[in-house]
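Reading through the C-alpha cells given below for one structure.
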Amino acid sequence: MLGTTATATATEMQNNFGRYLSLVMDGAEVIITKNGKEVARVIPKEAAVSYLTDSLTGILKGNVDVESAKEEKLREKYAAHD
C-alpha cells in the first residue's frame with residue numbers, strides 16, 4: 001500500500017474511519033473531499049516528519065528566501081478572499 005493515494009468524501013471518511021485509518025497505517029495517503037473539493041489529507045506520520053524535515057533543511061541551508069516565501073503564501077491565501 002506504500003505510496004498509494006485514496007480519495008474519500010467526508011461522509012465516507014466518517015462512516016468508514018477504521019478502513020481509512022488502516023490504509024494510512026499501511027503507508028497510503030487519504031484525500032478527503034467535501035462537495036467535490038479537497039479539504040484535507042491524512043498521511044502517515046513518517047511522511048509528515050519527512051516533509052517537515054525536508055522543509056526545515058531547505059530553510060536552514062539558506063536555500064529558501066523565507067520572507068519572499070511568506071509573502072507569497074499570504075498573497076495566495078488571501079487573494080481568493082478579495
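Labels used: A, B, ... for chains in the order of the C-alpha cells, numbers from 1 for residues in each chain, and numbers from 1 for ligands as shown.
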Could you name the residues that touch Gly3 in chain A at 8 Å or less, counting only C-alpha atoms, but leaving out those on the same chain fewer than 5 positions away, as a CSV table (one decimal) with C-alpha atoms, in the first residue's frame?
chain,number,residue,atom,x,y,z
A,27,GLY,CA,1.5,3.9,4.2
A,28,ALA,CA,-1.2,5.3,1.9
A,29,GLU,CA,-2.4,8.9,1.8
Who sits within 12 Å of Arg19 in chain A, only C-alpha atoms, same chain under 5 positions skipped, as a PyMOL selection string:
chain A and resi 6+8+12-14+24-26+28+30
Would you save the residues from that selection as a compact mmCIF listing (two decimals), in the first residue's frame, using N, CA and C atoms?
# COMPACT_ATOMS: atom_id res chain seq x y z
N ALA A 6 -5.68 7.30 -1.77
CA ALA A 6 -7.11 7.01 -1.82
C ALA A 6 -7.86 8.32 -1.63
N ALA A 8 -11.65 9.95 -0.43
CA ALA A 8 -12.91 9.66 0.25
C ALA A 8 -13.66 10.95 0.50
N GLU A 12 -17.94 9.43 3.66
CA GLU A 12 -17.31 8.11 3.61
C GLU A 12 -16.27 7.97 4.71
N MET A 13 -15.49 9.03 4.92
CA MET A 13 -14.46 9.00 5.96
C MET A 13 -15.11 8.82 7.34
N GLN A 14 -16.18 9.54 7.57
CA GLN A 14 -16.86 9.45 8.85
C GLN A 14 -17.44 8.05 9.07
N VAL A 24 -3.91 4.38 5.92
CA VAL A 24 -2.84 5.31 6.29
C VAL A 24 -1.76 4.58 7.08
N MET A 25 -2.16 3.69 7.97
CA MET A 25 -1.18 2.94 8.75
C MET A 25 -0.33 2.04 7.86
N ASP A 26 -0.88 1.65 6.70
CA ASP A 26 -0.13 0.83 5.74
C ASP A 26 0.71 1.67 4.78
N ALA A 28 -0.48 4.53 2.97
CA ALA A 28 -1.23 5.27 1.94
C ALA A 28 -1.55 6.68 2.43
N VAL A 30 -4.66 9.53 2.28
CA VAL A 30 -6.09 9.62 2.02
C VAL A 30 -6.45 11.10 1.84
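Checking A:Thr9, A:Ser68, A:Asn35, A:Thr4 one by one against Leu23 in chain A, counting only C-alpha atoms, you find the shortest gap at A:Thr4.
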Would you please extract all strand (DSSP E or B) residues from range 8-50 of chain A, as assigned by DSSP on the backbone, and give them as a PyMOL selection string?
chain A and resi 8-9+29-34+37-42
Same residues, N, CA and C atoms, saved as a tab-separated table (two decimals), in the first residue's frame:
chain	number	residue	atom	x	y	z
A	8	ALA	N	-11.65	9.95	-0.43
A	8	ALA	CA	-12.91	9.66	0.25
A	8	ALA	C	-13.66	10.95	0.50
A	9	THR	N	-14.97	10.89	0.40
A	9	THR	CA	-15.77	12.05	0.79
A	9	THR	C	-15.75	12.14	2.31
A	29	GLU	N	-1.88	7.52	1.48
A	29	GLU	CA	-2.36	8.87	1.77
A	29	GLU	C	-3.85	8.88	1.44
A	30	VAL	N	-4.66	9.53	2.28
A	30	VAL	CA	-6.09	9.62	2.02
A	30	VAL	C	-6.45	11.10	1.84
A	31	ILE	N	-7.04	11.40	0.70
A	31	ILE	CA	-7.51	12.75	0.41
A	31	ILE	C	-8.99	12.79	0.74
A	32	ILE	N	-9.39	13.76	1.55
A	32	ILE	CA	-10.78	13.89	1.96
A	32	ILE	C	-11.40	15.06	1.20
A	33	THR	N	-12.56	14.80	0.60
A	33	THR	CA	-13.25	15.84	-0.15
A	33	THR	C	-14.59	16.18	0.49
A	34	LYS	N	-15.02	17.40	0.25
A	34	LYS	CA	-16.33	17.87	0.71
A	34	LYS	C	-16.92	18.69	-0.43
A	37	LYS	N	-14.57	19.27	-3.39
A	37	LYS	CA	-13.31	20.00	-3.21
A	37	LYS	C	-12.45	19.30	-2.17
A	38	GLU	N	-11.14	19.23	-2.45
A	38	GLU	CA	-10.22	18.64	-1.48
A	38	GLU	C	-10.14	19.56	-0.27
A	39	VAL	N	-10.38	18.97	0.92
A	39	VAL	CA	-10.34	19.76	2.15
A	39	VAL	C	-9.25	19.30	3.12
A	40	ALA	N	-8.77	18.07	2.95
A	40	ALA	CA	-7.76	17.57	3.88
A	40	ALA	C	-7.03	16.38	3.27
A	41	ARG	N	-5.87	16.11	3.84
A	41	ARG	CA	-5.10	14.91	3.51
A	41	ARG	C	-4.65	14.28	4.82
A	42	VAL	N	-4.80	12.99	4.89
A	42	VAL	CA	-4.30	12.24	6.04
A	42	VAL	C	-3.12	11.43	5.53
